[in-house]
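S.K.: Structure supplied as structure.cif; contents: mmCIF, C-alpha atoms and all ligand atoms.
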```
data_data
#
loop_
_atom_site.label_atom_id
_atom_site.label_comp_id
_atom_site.auth_asym_id
_atom_site.auth_seq_id
_atom_site.Cartn_x
_atom_site.Cartn_y
_atom_site.Cartn_z
CA MET A 20 -14.91 -50.32 57.71
CA SER A 21 -15.56 -48.62 60.99
CA ALA A 22 -18.93 -48.00 62.59
CA GLY A 23 -20.72 -45.07 61.12
CA THR A 24 -18.32 -44.43 58.20
CA THR A 25 -21.16 -44.51 55.73
CA ASP A 26 -24.15 -43.75 57.88
CA THR A 27 -24.54 -41.06 60.45
CA HIS A 28 -26.86 -42.98 62.76
CA ALA A 29 -24.88 -43.98 65.80
CA PRO A 30 -27.67 -46.36 66.92
CA GLN A 31 -26.61 -48.57 64.00
CA SER A 32 -23.01 -48.65 65.18
CA ALA A 33 -21.32 -52.03 65.55
CA PHE A 34 -20.59 -51.20 69.18
CA LEU A 35 -24.21 -50.50 70.12
CA ALA A 36 -25.42 -53.50 68.10
CA ALA A 37 -22.95 -55.79 69.89
CA CYS A 38 -24.09 -54.42 73.26
CA ARG A 39 -27.57 -55.60 72.28
CA ARG A 40 -26.25 -58.95 71.01
CA GLN A 41 -27.23 -58.16 67.43
CA SER A 42 -25.09 -59.34 64.54
CA VAL A 43 -22.47 -56.87 63.33
CA PRO A 44 -20.56 -56.24 60.07
CA HIS A 45 -17.28 -56.21 61.99
CA ARG A 46 -16.20 -56.86 65.56
CA PRO A 47 -16.32 -53.55 67.44
CA ILE A 48 -13.27 -52.50 69.44
CA TRP A 49 -12.45 -49.72 71.86
CA ILE A 50 -9.76 -49.59 74.51
CA MET A 51 -10.04 -48.88 78.21
CA ARG A 52 -8.10 -45.67 78.97
CA GLN A 53 -7.86 -45.03 75.23
CA ALA A 54 -7.45 -41.31 75.94
CA GLY A 55 -4.29 -40.88 77.96
CA ARG A 56 -0.60 -40.87 78.46
CA TYR A 57 0.41 -43.35 75.72
CA LEU A 58 -0.67 -40.69 73.18
CA PRO A 59 1.94 -37.97 72.48
CA GLU A 60 -0.85 -35.47 71.80
CA TYR A 61 -2.27 -36.15 75.29
CA ARG A 62 1.15 -35.75 76.93
CA GLU A 63 1.63 -32.51 75.04
CA LEU A 64 -1.65 -31.08 76.38
CA ARG A 65 -1.02 -32.51 79.84
CA SER A 66 2.41 -30.80 80.01
CA LYS A 67 0.57 -27.48 80.00
CA VAL A 68 -2.59 -28.33 81.97
CA ASP A 69 -3.02 -30.44 85.11
CA PHE A 70 -5.35 -33.44 85.05
CA GLU A 71 -8.11 -31.84 87.10
CA THR A 72 -8.24 -28.75 84.90
CA LEU A 73 -8.39 -31.02 81.86
CA THR A 74 -11.43 -32.82 83.24
CA ARG A 75 -13.14 -29.58 84.33
CA THR A 76 -12.73 -27.67 81.08
CA PRO A 77 -15.25 -29.04 78.57
CA GLU A 78 -13.31 -27.88 75.49
CA LEU A 79 -10.18 -29.67 76.72
CA ALA A 80 -11.94 -32.79 78.03
CA ALA A 81 -13.81 -33.10 74.72
CA GLU A 82 -10.54 -32.65 72.80
CA VAL A 83 -8.85 -35.43 74.83
CA THR A 84 -11.89 -37.69 74.38
CA LEU A 85 -11.60 -37.26 70.61
CA GLN A 86 -7.80 -37.65 70.30
CA PRO A 87 -7.74 -41.46 70.03
CA LEU A 88 -10.62 -41.41 67.51
CA ARG A 89 -8.59 -39.27 65.15
CA ARG A 90 -5.75 -41.78 65.18
CA PHE A 91 -7.59 -45.09 65.25
CA GLU A 92 -10.80 -46.47 63.74
CA LEU A 93 -12.21 -47.13 67.20
CA ASP A 94 -15.88 -48.08 67.49
CA ALA A 95 -16.66 -46.10 70.63
CA ALA A 96 -15.50 -43.02 72.49
CA ILE A 97 -15.35 -42.83 76.29
CA LEU A 98 -15.81 -39.62 78.19
CA PHE A 99 -12.53 -38.21 79.49
CA SER A 100 -13.07 -37.87 83.22
CA ASP A 101 -12.35 -39.90 86.33
CA ILE A 102 -14.41 -42.15 88.59
CA MET A 103 -13.61 -39.77 91.50
CA THR A 104 -14.80 -36.59 89.76
CA PRO A 105 -18.47 -36.83 90.90
CA LEU A 106 -17.29 -37.38 94.48
CA GLN A 107 -15.50 -34.05 94.32
CA GLY A 108 -18.85 -32.67 93.19
CA MET A 109 -20.33 -34.08 96.42
CA GLY A 110 -17.78 -32.12 98.44
CA VAL A 111 -15.21 -34.88 99.03
CA LYS A 112 -11.75 -33.26 99.15
CA LEU A 113 -9.33 -35.08 96.90
CA THR A 114 -6.32 -34.52 94.70
CA PHE A 115 -4.90 -36.46 91.75
CA GLU A 116 -1.24 -37.35 92.42
CA PRO A 117 -1.79 -38.72 89.71
CA ALA A 118 -3.90 -41.43 91.40
CA PRO A 119 -6.73 -40.05 93.54
CA VAL A 120 -5.96 -39.21 97.17
CA VAL A 121 -8.80 -38.35 99.58
CA SER A 122 -7.52 -36.00 102.29
CA GLU A 123 -10.13 -36.98 104.90
CA PRO A 124 -11.12 -40.63 104.37
CA ILE A 125 -14.79 -41.42 105.06
CA ARG A 126 -15.04 -43.95 107.88
CA THR A 127 -17.62 -42.84 110.43
CA ALA A 128 -21.41 -43.00 110.48
CA ALA A 129 -21.49 -39.22 110.89
CA GLN A 130 -19.34 -38.64 107.78
CA ILE A 131 -21.56 -40.96 105.76
CA ALA A 132 -24.76 -39.30 106.97
CA ALA A 133 -23.30 -35.90 106.05
CA LEU A 134 -22.62 -36.84 102.41
CA PRO A 135 -25.04 -34.84 100.26
CA PRO A 136 -26.87 -36.38 97.31
CA LEU A 137 -25.32 -35.67 93.92
CA GLU A 138 -27.11 -33.16 91.74
CA PRO A 139 -25.23 -33.51 88.46
CA ALA A 140 -26.41 -30.29 86.78
CA ARG A 141 -25.28 -28.30 89.83
CA ASP A 142 -22.29 -30.34 91.02
CA VAL A 143 -20.62 -31.53 87.79
CA PRO A 144 -22.02 -29.32 84.99
CA PHE A 145 -18.66 -29.49 83.15
CA VAL A 146 -19.05 -33.26 82.66
CA LEU A 147 -22.44 -32.81 81.04
CA GLU A 148 -21.14 -29.98 78.86
CA THR A 149 -18.17 -32.16 77.80
CA ILE A 150 -20.62 -34.85 76.68
CA ARG A 151 -22.59 -32.33 74.63
CA GLN A 152 -19.41 -31.06 72.98
CA VAL A 153 -18.12 -34.55 72.22
CA ARG A 154 -21.42 -35.47 70.60
CA ARG A 155 -21.14 -32.41 68.37
CA GLY A 156 -17.50 -33.06 67.44
CA VAL A 157 -17.31 -36.83 67.19
CA PRO A 158 -16.05 -38.10 63.82
CA ARG A 159 -17.73 -40.98 62.00
CA ALA A 160 -20.78 -40.80 64.32
CA VAL A 161 -18.97 -42.98 66.87
CA PRO A 162 -21.12 -43.53 69.99
CA LEU A 163 -20.02 -42.08 73.32
CA ILE A 164 -19.79 -44.15 76.51
CA GLY A 165 -20.52 -42.37 79.78
CA PHE A 166 -19.14 -43.95 82.94
CA ALA A 167 -18.97 -43.99 86.71
CA GLY A 168 -17.18 -45.95 89.39
CA ALA A 169 -19.22 -48.82 90.81
CA PRO A 170 -20.21 -48.15 94.44
CA PHE A 171 -17.83 -50.65 96.06
CA THR A 172 -14.84 -49.43 94.02
CA LEU A 173 -15.61 -45.85 95.06
CA LEU A 174 -15.91 -47.02 98.68
CA CYS A 175 -12.38 -48.43 98.43
CA TYR A 176 -10.94 -45.00 97.62
CA LEU A 177 -13.18 -43.14 100.08
CA VAL A 178 -12.38 -45.39 103.03
CA CYS A 179 -8.67 -45.91 102.32
CA GLY A 180 -7.93 -42.41 101.11
CA ARG A 181 -5.37 -43.60 98.59
CA PRO A 182 -4.87 -46.56 96.28
CA SER A 183 -3.19 -49.60 97.76
CA LYS A 184 -2.61 -53.19 96.80
CA GLU A 185 -4.80 -54.72 99.47
CA PHE A 186 -7.12 -51.80 100.36
CA ALA A 187 -7.00 -53.19 103.90
CA PRO A 188 -8.99 -50.35 105.58
CA ALA A 189 -11.83 -50.79 103.05
CA ARG A 190 -12.00 -54.53 103.54
CA THR A 191 -11.89 -54.32 107.31
CA PHE A 192 -14.57 -51.60 107.14
CA LEU A 193 -16.97 -54.12 105.54
CA TYR A 194 -16.44 -56.60 108.39
CA ALA A 195 -16.17 -54.13 111.27
CA GLN A 196 -18.92 -51.67 110.24
CA PRO A 197 -21.25 -53.57 107.89
CA GLY A 198 -24.19 -51.25 108.55
CA ASP A 199 -22.11 -48.15 107.78
CA ALA A 200 -20.73 -49.89 104.68
CA GLU A 201 -24.24 -50.65 103.43
CA ARG A 202 -25.37 -47.07 104.03
CA LEU A 203 -22.34 -45.68 102.19
CA LEU A 204 -22.85 -48.09 99.29
CA THR A 205 -26.54 -47.21 99.02
CA HIS A 206 -25.68 -43.52 98.99
CA LEU A 207 -23.06 -44.05 96.28
CA ALA A 208 -25.43 -46.26 94.27
CA ASP A 209 -28.05 -43.49 94.19
CA ALA A 210 -25.48 -40.80 93.44
CA MET A 211 -24.00 -42.78 90.54
CA ALA A 212 -27.48 -43.55 89.20
CA ALA A 213 -28.23 -39.81 89.14
CA TYR A 214 -24.82 -39.12 87.61
CA LEU A 215 -25.18 -41.69 84.82
CA ALA A 216 -28.78 -40.71 84.08
CA ALA A 217 -27.61 -37.11 83.63
CA GLN A 218 -24.82 -38.31 81.33
CA ALA A 219 -27.37 -40.17 79.20
CA ALA A 220 -29.63 -37.10 79.11
CA ALA A 221 -26.63 -35.04 77.94
CA GLY A 222 -25.97 -37.51 75.10
CA ALA A 223 -24.03 -40.55 76.37
CA GLN A 224 -25.25 -43.56 74.33
CA ALA A 225 -24.03 -46.35 76.62
CA LEU A 226 -23.25 -46.33 80.35
CA MET A 227 -20.44 -48.23 82.04
CA LEU A 228 -19.74 -48.97 85.70
CA PHE A 229 -16.10 -49.71 86.62
CA GLU A 230 -15.68 -52.29 89.41
CA SER A 231 -11.91 -52.04 89.34
CA TRP A 232 -11.49 -53.59 92.79
CA ALA A 233 -13.93 -56.50 92.44
CA GLY A 234 -11.00 -58.86 92.92
CA LEU A 235 -10.51 -57.78 96.54
CA LEU A 236 -13.66 -59.54 97.68
CA GLY A 237 -14.64 -63.13 98.26
CA VAL A 238 -17.87 -64.22 96.61
CA ARG A 239 -19.83 -63.90 99.86
CA GLU A 240 -18.73 -60.33 100.59
CA PHE A 241 -19.17 -59.35 96.96
CA ALA A 242 -22.74 -60.71 97.00
CA ARG A 243 -23.51 -59.02 100.32
CA PHE A 244 -22.03 -55.56 99.68
CA ALA A 245 -20.99 -54.81 96.11
CA LEU A 246 -23.77 -56.60 94.23
CA PRO A 247 -26.88 -55.03 95.84
CA ALA A 248 -25.38 -51.57 95.30
CA VAL A 249 -24.69 -52.25 91.62
CA ARG A 250 -28.15 -53.75 91.24
CA ARG A 251 -29.65 -50.59 92.71
CA THR A 252 -27.76 -48.36 90.25
CA LEU A 253 -28.62 -50.57 87.27
CA ALA A 254 -32.31 -50.75 88.21
CA ALA A 255 -32.52 -46.95 88.23
CA LEU A 256 -30.88 -46.76 84.80
CA ARG A 257 -32.71 -49.60 83.06
CA PRO A 258 -35.74 -47.47 82.03
CA LEU A 259 -33.43 -45.15 80.05
CA GLY A 260 -33.05 -47.74 77.31
CA VAL A 261 -29.30 -47.27 76.79
CA PRO A 262 -26.97 -50.30 76.98
CA LEU A 263 -25.47 -50.85 80.43
CA ILE A 264 -21.96 -52.26 80.88
CA TYR A 265 -20.49 -53.62 84.13
CA TYR A 266 -16.73 -54.11 84.12
CA LEU A 267 -15.09 -56.26 86.78
CA ASN A 268 -11.36 -56.41 87.24
CA GLN A 269 -10.18 -59.76 88.63
CA GLY A 270 -13.76 -60.93 88.77
CA SER A 271 -13.37 -64.43 87.31
CA ALA A 272 -14.63 -66.06 90.51
CA LEU A 273 -17.69 -63.78 90.49
CA MET A 274 -19.09 -64.58 87.06
CA ASP A 275 -21.94 -66.80 88.20
CA THR A 276 -22.74 -64.20 90.88
CA VAL A 277 -23.12 -61.44 88.26
CA ALA A 278 -24.89 -63.66 85.71
CA GLY A 279 -28.25 -62.71 87.23
CA LEU A 280 -27.67 -58.94 87.01
CA ASP A 281 -29.88 -56.97 84.66
CA VAL A 282 -26.97 -55.63 82.61
CA ASP A 283 -26.37 -55.81 78.85
CA VAL A 284 -22.60 -56.27 78.82
CA VAL A 285 -20.13 -57.73 81.31
CA GLY A 286 -16.56 -56.51 80.87
CA VAL A 287 -13.78 -58.77 82.10
CA ASP A 288 -10.02 -58.87 82.58
CA TRP A 289 -7.77 -61.36 80.74
CA ARG A 290 -7.52 -64.00 83.46
CA ALA A 291 -10.37 -66.25 82.33
CA PRO A 292 -10.93 -67.12 78.65
CA LEU A 293 -14.04 -65.55 77.14
CA SER A 294 -15.34 -69.01 76.21
CA VAL A 295 -15.61 -69.82 79.92
CA VAL A 296 -17.00 -66.37 80.77
CA ARG A 297 -19.69 -66.67 78.08
CA ARG A 298 -20.67 -70.16 79.18
CA VAL A 299 -21.14 -69.02 82.79
CA LEU A 300 -22.95 -65.77 81.90
CA GLY A 301 -25.25 -67.47 79.41
CA PRO A 302 -26.66 -66.21 76.10
CA GLY A 303 -28.43 -63.22 77.65
CA LYS A 304 -25.26 -61.16 78.15
CA ALA A 305 -22.77 -59.61 75.79
CA VAL A 306 -19.11 -59.65 76.88
CA GLN A 307 -16.38 -57.07 76.57
CA GLY A 308 -12.65 -57.80 76.66
CA ASN A 309 -10.17 -59.26 77.24
CA LEU A 310 -6.69 -58.94 75.77
CA ASP A 311 -3.90 -58.56 78.32
CA PRO A 312 -2.55 -54.97 78.01
CA ALA A 313 0.92 -56.53 78.05
CA ALA A 314 0.23 -58.16 74.66
CA LEU A 315 0.56 -54.72 73.03
CA PHE A 316 4.31 -54.97 73.73
CA ALA A 317 4.71 -58.12 71.64
CA PRO A 318 6.12 -58.18 68.09
CA PRO A 319 3.30 -57.75 65.51
CA ALA A 320 2.92 -61.47 64.75
CA GLU A 321 2.63 -62.33 68.45
CA LEU A 322 0.15 -59.52 69.05
CA ALA A 323 -1.93 -60.85 66.15
CA ARG A 324 -1.81 -64.35 67.64
CA ALA A 325 -2.93 -63.06 71.05
CA ALA A 326 -5.78 -61.03 69.50
CA ALA A 327 -6.83 -64.03 67.38
CA ALA A 328 -6.98 -66.15 70.53
CA VAL A 329 -9.35 -63.63 72.15
CA LEU A 330 -11.56 -63.64 69.03
CA ALA A 331 -11.58 -67.44 68.96
CA GLU A 332 -12.46 -67.69 72.64
CA ALA A 333 -15.23 -65.10 72.23
CA GLY A 334 -16.67 -67.24 69.41
CA SER A 335 -18.95 -66.19 66.60
CA ALA A 336 -22.19 -65.72 68.57
CA PRO A 337 -23.24 -62.03 68.54
CA GLY A 338 -22.41 -59.95 71.59
CA HIS A 339 -18.65 -59.51 71.79
CA ILE A 340 -16.95 -56.13 72.07
CA PHE A 341 -13.18 -56.37 71.76
CA ASN A 342 -11.23 -54.50 74.44
CA LEU A 343 -8.24 -54.93 76.69
CA GLY A 344 -8.79 -56.69 80.00
CA HIS A 345 -7.80 -53.49 81.85
CA GLY A 346 -6.55 -50.01 80.98
CA ILE A 347 -3.83 -49.55 78.38
CA TRP A 348 -0.37 -48.97 79.87
CA PRO A 349 1.16 -45.49 79.51
CA ASP A 350 4.30 -46.75 77.76
CA THR A 351 2.38 -48.58 75.00
CA ASP A 352 3.41 -47.78 71.43
CA PRO A 353 0.42 -46.16 69.64
CA ASP A 354 1.40 -48.08 66.49
CA ALA A 355 0.62 -51.32 68.32
CA VAL A 356 -2.87 -49.99 69.03
CA ALA A 357 -3.32 -49.18 65.34
CA ARG A 358 -2.24 -52.72 64.42
CA LEU A 359 -4.64 -54.23 66.96
CA VAL A 360 -7.63 -52.17 65.79
CA ASP A 361 -6.96 -53.09 62.15
CA PHE A 362 -6.47 -56.76 63.00
CA VAL A 363 -9.77 -56.98 64.88
CA HIS A 364 -11.65 -55.22 62.09
CA GLU A 365 -10.15 -57.52 59.48
CA HIS A 366 -11.19 -60.66 61.40
CA PRO A 367 -14.94 -60.39 61.90
O1 LIG B 401 -1.62 -37.74 85.08
C1 LIG B 401 -2.71 -37.93 84.52
O2 LIG B 401 -2.89 -37.61 83.31
C2 LIG B 401 -3.81 -38.51 85.32
C3 LIG B 401 -3.96 -39.99 85.14
C4 LIG B 401 -5.44 -40.31 85.02
C5 LIG B 401 -6.18 -40.39 83.83
C6 LIG B 401 -5.69 -40.16 82.43
C7 LIG B 401 -6.32 -40.55 86.08
C8 LIG B 401 -6.01 -40.54 87.54
N1 LIG B 401 -7.59 -40.78 85.57
C9 LIG B 401 -7.54 -40.69 84.20
C10 LIG B 401 -8.68 -40.78 83.25
C11 LIG B 401 -9.65 -41.85 83.41
N2 LIG B 401 -9.89 -42.58 84.55
C12 LIG B 401 -10.56 -42.29 82.41
C13 LIG B 401 -10.74 -41.65 81.03
C14 LIG B 401 -9.68 -42.09 80.06
C15 LIG B 401 -10.10 -43.12 79.04
O3 LIG B 401 -10.57 -44.20 79.41
O4 LIG B 401 -9.94 -42.88 77.84
C16 LIG B 401 -11.31 -43.33 82.94
C17 LIG B 401 -12.38 -44.15 82.26
C18 LIG B 401 -10.89 -43.49 84.29
C19 LIG B 401 -11.49 -44.44 85.22
C20 LIG B 401 -10.76 -44.79 86.46
N3 LIG B 401 -10.07 -43.97 87.32
C21 LIG B 401 -10.78 -46.07 87.04
C22 LIG B 401 -11.53 -47.25 86.46
C23 LIG B 401 -10.78 -47.91 85.36
C24 LIG B 401 -9.57 -48.69 85.78
O5 LIG B 401 -8.47 -48.37 85.27
O6 LIG B 401 -9.69 -49.61 86.58
C25 LIG B 401 -10.05 -46.03 88.22
C26 LIG B 401 -9.77 -47.17 89.17
C27 LIG B 401 -9.61 -44.70 88.40
C28 LIG B 401 -8.83 -44.15 89.54
C29 LIG B 401 -7.62 -43.48 89.05
N4 LIG B 401 -7.60 -42.19 88.60
C30 LIG B 401 -6.36 -41.84 88.16
C31 LIG B 401 -5.53 -42.98 88.34
C32 LIG B 401 -4.07 -43.04 88.00
C33 LIG B 401 -6.33 -44.00 88.89
C34 LIG B 401 -5.90 -45.41 89.25
C35 LIG B 401 -5.36 -45.43 90.63
C36 LIG B 401 -5.19 -46.82 91.18
O7 LIG B 401 -4.47 -47.64 90.59
O8 LIG B 401 -5.77 -47.10 92.24
#
```
How does the structure come out when it is put into C-alpha cells?

M.R.:
Amino acid sequence: MSAGTTDTHAPQSAFLAACRRQSVPHRPIWIMRQAGRYLPEYRELRSKVDFETLTRTPELAAEVTLQPLRRFELDAAILFSDIMTPLQGMGVKLTFEPAPVVSEPIRTAAQIAALPPLEPARDVPFVLETIRQVRRGVPRAVPLIGFAGAPFTLLCYLVCGRPSKEFAPARTFLYAQPGDAERLLTHLADAMAAYLAAQAAAGAQALMLFESWAGLLGVREFARFALPAVRRTLAALRPLGVPLIYYLNQGSALMDTVAGLDVDVVGVDWRAPLSVVRRVLGPGKAVQGNLDPAALFAPPAELARAAAAVLAEAGSAPGHIFNLGHGIWPDTDPDAVARLVDFVHEHP
C-alpha cells in the first residue's frame, strides 16, 4: 500500500514519517529525476514545448510533476523545475542546452556585488504557482518536495558557465579568490533560503538541497566553503518545521563533516554502503538512497538482488527513504521503475 491511499493526511505519509525517523508501514521510495525523459509522456510533451517553457508554465510543470505518480506508487513528488531557475529570476542570463549554460560567468567582485537578492514572489512566481497546482492535483495525498541547488553547486555553474567534468574554473576560484567565493556563497545561501521558504509557504512539505558537485572538493575546502553556506541556508529554514534533506553526490569522504549539520535527511550516491553511512552519521539522521541508476538496466532478478542489498545495508532502524544514488538515466525502461517500486514496497 502506498502512502496516503487510505488517508488523505499527507503528514502521515511514509515519506514524511521516515524523514522524521518514525516507524513506517512500508519503506518509502521516490526517484531522483522521476519526472523526465525516460517517460514517454514527458518526451511527448517535450517534443512540443521547450524545457524552459515547461518550467515556467505552471499547468505544464504541474502536469510533468504528476506524470510519474500516475504510473508508479511513489511516496513523494518532486517539483518539476531546475536548480538554475531561481538564478534566472535573479537576472543571470542562461540557456538550457539541455544542461544549463551561463552566457556571462560570474567571476569578479563587481559581478558578485551586483547580484540582487531573490524575491521569490516577484522573481519566480510560476514556481510557487506550480506548487499550489500540484498540491491541488496530487493523487493519493502524496507529499511534495521543493528543492534548490546547494550554494556551492550553484557556484560551480555560475563560475564555469557550463557543466564540465572537473569544473576547473570553479575550483581555482575558491583558491584564487576565497573572499569573493565566500561572498558569492553567502549571497546564494540567502537567496536559496528565501526561495525554499517561499516554496514551503506555497505548499512544499519537505525541502531538499542538491549538492551535485560535492565530490569536486577535498574535505578541507568543503568544510571551508560549501558547509558554512549550507549551514546558513538550513538555519534559516529550520524554524519552518518541514523536513530538510541534503543530497551529496560523491560525498562519501564528507560524511563525518556533514554529520553535525542540522538536517533531517542526508541523501547519498551508491559509492558507500548505507550501513557505513548510517554509522558515521549516527542515529540522529535519516538517510536517502542509494541504488546505482545502472541497476535499473539489470534483468528483474538482478535488480531485485541489488535493491535487496540496499535495504539490507540500510537496516531496519527507522529513517530510510529508498532512492537512486543519483538521477535516473533517460534511457531507463519505465517497467524497471515499476518493478523497483513494487519490490521496495513488498519488502518493508
Ligand atoms: O531536455 C530537457 O528536458 C531538459 C533536461 C532537464 C530536466 C528534465 C534539466 C536540464 N533539468 C531538468 C529537471 C530537473 N533538474 C529536476 C526535476 C525533475 C525531477 O527530479 O523529477 C531536478 C530536481 C533538477 C535538478 C538539477 N538540475 C540538478 C541536481 C540533481 C542532479 O541531477 O544532480 C542539477 C545538477 C541540474 C543541472 C542540470 N539541468 C539540466 C541538466 C541536464 C542538468 C545537469 C547538467 C550537468 O550534468 O552538469

S.K.: What are the centre and the three edge lengths of an axis-aligned box that wraps all atoms of ligand LIG 401 (chain B) in the file, given that 8 Å is added to every side, written as AutoDock Vina command-line options and rounded to one decimal in Å?

M.R.:
```
--center_x -7.0 --center_y -43.6 --center_z 85.0 --size_x 26.8 --size_y 28.0 --size_z 30.4
```

S.K.: List as CSV every residue of chain A that is in contact with ligand LIG 401 (chain B), defined as an atom at most 8 Å from one of its atoms (using only C-alpha atoms and all ligand atoms), together with the nearest atom pair and the distance in Å rounded to one decimal, sorted by chain and then rising number.

M.R.:
```
residue,atom,partner,partner_atom,distance
A:Ile50,CA,B:LIG401,O3,7.3
A:Met51,CA,B:LIG401,O3,4.9
A:Arg52,CA,B:LIG401,O3,2.9
A:Gln53,CA,B:LIG401,O4,4.0
A:Ala54,CA,B:LIG401,O4,3.5
A:Gly55,CA,B:LIG401,C6,4.7
A:Arg56,CA,B:LIG401,O2,6.3
A:Arg62,CA,B:LIG401,O2,7.8
A:Arg65,CA,B:LIG401,O2,6.4
A:Asp69,CA,B:LIG401,O2,7.4
A:Phe70,CA,B:LIG401,O2,5.1
A:Thr84,CA,B:LIG401,O4,6.5
A:Ala96,CA,B:LIG401,O4,7.7
A:Ile97,CA,B:LIG401,O4,5.6
A:Leu98,CA,B:LIG401,C13,6.2
A:Phe99,CA,B:LIG401,C13,4.2
A:Ser100,CA,B:LIG401,C13,5.0
A:Asp101,CA,B:LIG401,N2,4.0
A:Ile102,CA,B:LIG401,N3,4.9
A:Met103,CA,B:LIG401,C28,6.8
A:Phe115,CA,B:LIG401,C8,6.0
A:Glu116,CA,B:LIG401,O1,7.4
A:Pro117,CA,B:LIG401,O1,4.7
A:Ala118,CA,B:LIG401,C32,3.8
A:Pro119,CA,B:LIG401,N4,5.5
A:Phe166,CA,B:LIG401,C17,6.8
A:Ala167,CA,B:LIG401,C19,7.6
A:Gly168,CA,B:LIG401,C22,6.5
A:Thr172,CA,B:LIG401,C26,7.4
A:Tyr176,CA,B:LIG401,O8,7.8
A:Arg181,CA,B:LIG401,O8,7.3
A:Pro182,CA,B:LIG401,O8,4.2
A:Ser183,CA,B:LIG401,O8,6.6
A:Phe229,CA,B:LIG401,C22,5.2
A:Glu230,CA,B:LIG401,O6,7.1
A:Ser231,CA,B:LIG401,O6,4.3
A:Trp232,CA,B:LIG401,C26,7.6
A:Asn268,CA,B:LIG401,O6,7.0
A:His345,CA,B:LIG401,O5,6.2
A:Gly346,CA,B:LIG401,O5,5.0
```

S.K.: Those same residues - C-alpha atoms - I'd like them written as a short mmCIF file (atom, residue, chain, number, x, y, z; two decimals), keeping the file's coordinate frame.

M.R.:
```
data_model
loop_
_atom_site.label_atom_id
_atom_site.label_comp_id
_atom_site.auth_asym_id
_atom_site.auth_seq_id
_atom_site.Cartn_x
_atom_site.Cartn_y
_atom_site.Cartn_z
CA ILE A 50 -9.76 -49.59 74.51
CA MET A 51 -10.04 -48.88 78.21
CA ARG A 52 -8.10 -45.67 78.97
CA GLN A 53 -7.86 -45.03 75.23
CA ALA A 54 -7.45 -41.31 75.94
CA GLY A 55 -4.29 -40.88 77.96
CA ARG A 56 -0.60 -40.87 78.46
CA ARG A 62 1.15 -35.75 76.93
CA ARG A 65 -1.02 -32.51 79.84
CA ASP A 69 -3.02 -30.44 85.11
CA PHE A 70 -5.35 -33.44 85.05
CA THR A 84 -11.89 -37.69 74.38
CA ALA A 96 -15.50 -43.02 72.49
CA ILE A 97 -15.35 -42.83 76.29
CA LEU A 98 -15.81 -39.62 78.19
CA PHE A 99 -12.53 -38.21 79.49
CA SER A 100 -13.07 -37.87 83.22
CA ASP A 101 -12.35 -39.90 86.33
CA ILE A 102 -14.41 -42.15 88.59
CA MET A 103 -13.61 -39.77 91.50
CA PHE A 115 -4.90 -36.46 91.75
CA GLU A 116 -1.24 -37.35 92.42
CA PRO A 117 -1.79 -38.72 89.71
CA ALA A 118 -3.90 -41.43 91.40
CA PRO A 119 -6.73 -40.05 93.54
CA PHE A 166 -19.14 -43.95 82.94
CA ALA A 167 -18.97 -43.99 86.71
CA GLY A 168 -17.18 -45.95 89.39
CA THR A 172 -14.84 -49.43 94.02
CA TYR A 176 -10.94 -45.00 97.62
CA ARG A 181 -5.37 -43.60 98.59
CA PRO A 182 -4.87 -46.56 96.28
CA SER A 183 -3.19 -49.60 97.76
CA PHE A 229 -16.10 -49.71 86.62
CA GLU A 230 -15.68 -52.29 89.41
CA SER A 231 -11.91 -52.04 89.34
CA TRP A 232 -11.49 -53.59 92.79
CA ASN A 268 -11.36 -56.41 87.24
CA HIS A 345 -7.80 -53.49 81.85
CA GLY A 346 -6.55 -50.01 80.98
#
```

S.K.: Please list as a list in words every residue within 10 Å of A:Glu82, counting only C-alpha atoms and excluding residues in the same chain fewer than 6 positions away.

M.R.: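 My list of contacting residues is Ala54, Tyr61, Leu64, Leu73, Thr76, Phe99, Thr149, Gln152, Val153, Gly156 and Val157 of chain A.
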
S.K.: Taking into account only C-alpha atoms, which residue in the set A:Pro59, A:Pro247, A:Pro292, A:Pro319 is nearest to A:Ala200?

M.R.: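 Once distances to A:Ala200 are computed over only C-alpha atoms, the minimum belongs to A:Pro247.
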
S.K.: Could you check which of A:Tyr57, A:Phe341, A:Tyr265, A:Phe241 is closest to A:Pro353, using all atoms listed in the file?

M.R.: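 The closest residue to A:Pro353 is A:Tyr57.
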
S.K.: Tell me, in Å to one decimal, how far atom CA of A:Pro144 is from atom CA of A:Val249.

M.R.: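 These two atoms are separated by 24.0 Å.
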
S.K.: Give the answer as one residue: which of A:Ile48, A:Cys38, A:Val238, A:Val295 has the shortest atom-to-atom distance to A:His366, using all atoms listed in the file?

M.R.: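 Among the listed residues, A:Ile48 lies closest to A:His366.
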
S.K.: Near A:Val146, within 10 Å and counting all atoms listed in the file, which residues show up once chain neighbours fewer than 5 positions away are dropped, as a short mmCIF file (atom, residue, chain, number, x, y, z; two decimals) with C-alpha atoms, in the frame of the given file?

M.R.:
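Done, and the output landed in part38.cif:
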```cif
data_model
loop_
_atom_site.label_atom_id
_atom_site.label_comp_id
_atom_site.auth_asym_id
_atom_site.auth_seq_id
_atom_site.Cartn_x
_atom_site.Cartn_y
_atom_site.Cartn_z
CA THR A 74 -11.43 -32.82 83.24
CA ARG A 75 -13.14 -29.58 84.33
CA THR A 76 -12.73 -27.67 81.08
CA PRO A 77 -15.25 -29.04 78.57
CA ALA A 80 -11.94 -32.79 78.03
CA ALA A 81 -13.81 -33.10 74.72
CA LEU A 98 -15.81 -39.62 78.19
CA PHE A 99 -12.53 -38.21 79.49
CA SER A 100 -13.07 -37.87 83.22
CA THR A 104 -14.80 -36.59 89.76
CA PRO A 105 -18.47 -36.83 90.90
CA PRO A 139 -25.23 -33.51 88.46
CA ALA A 140 -26.41 -30.29 86.78
CA ARG A 151 -22.59 -32.33 74.63
CA GLN A 152 -19.41 -31.06 72.98
CA GLY A 165 -20.52 -42.37 79.78
CA TYR A 214 -24.82 -39.12 87.61
CA ALA A 217 -27.61 -37.11 83.63
CA GLN A 218 -24.82 -38.31 81.33
CA ALA A 221 -26.63 -35.04 77.94
#
```

S.K.: Give as a ChimeraX atom specification each residue that has an atom at most 10 Å from (-33.0, -50.1, 78.2) in the file, counting only C-alpha atoms.

M.R.: /A:39,225,256-263,281-283
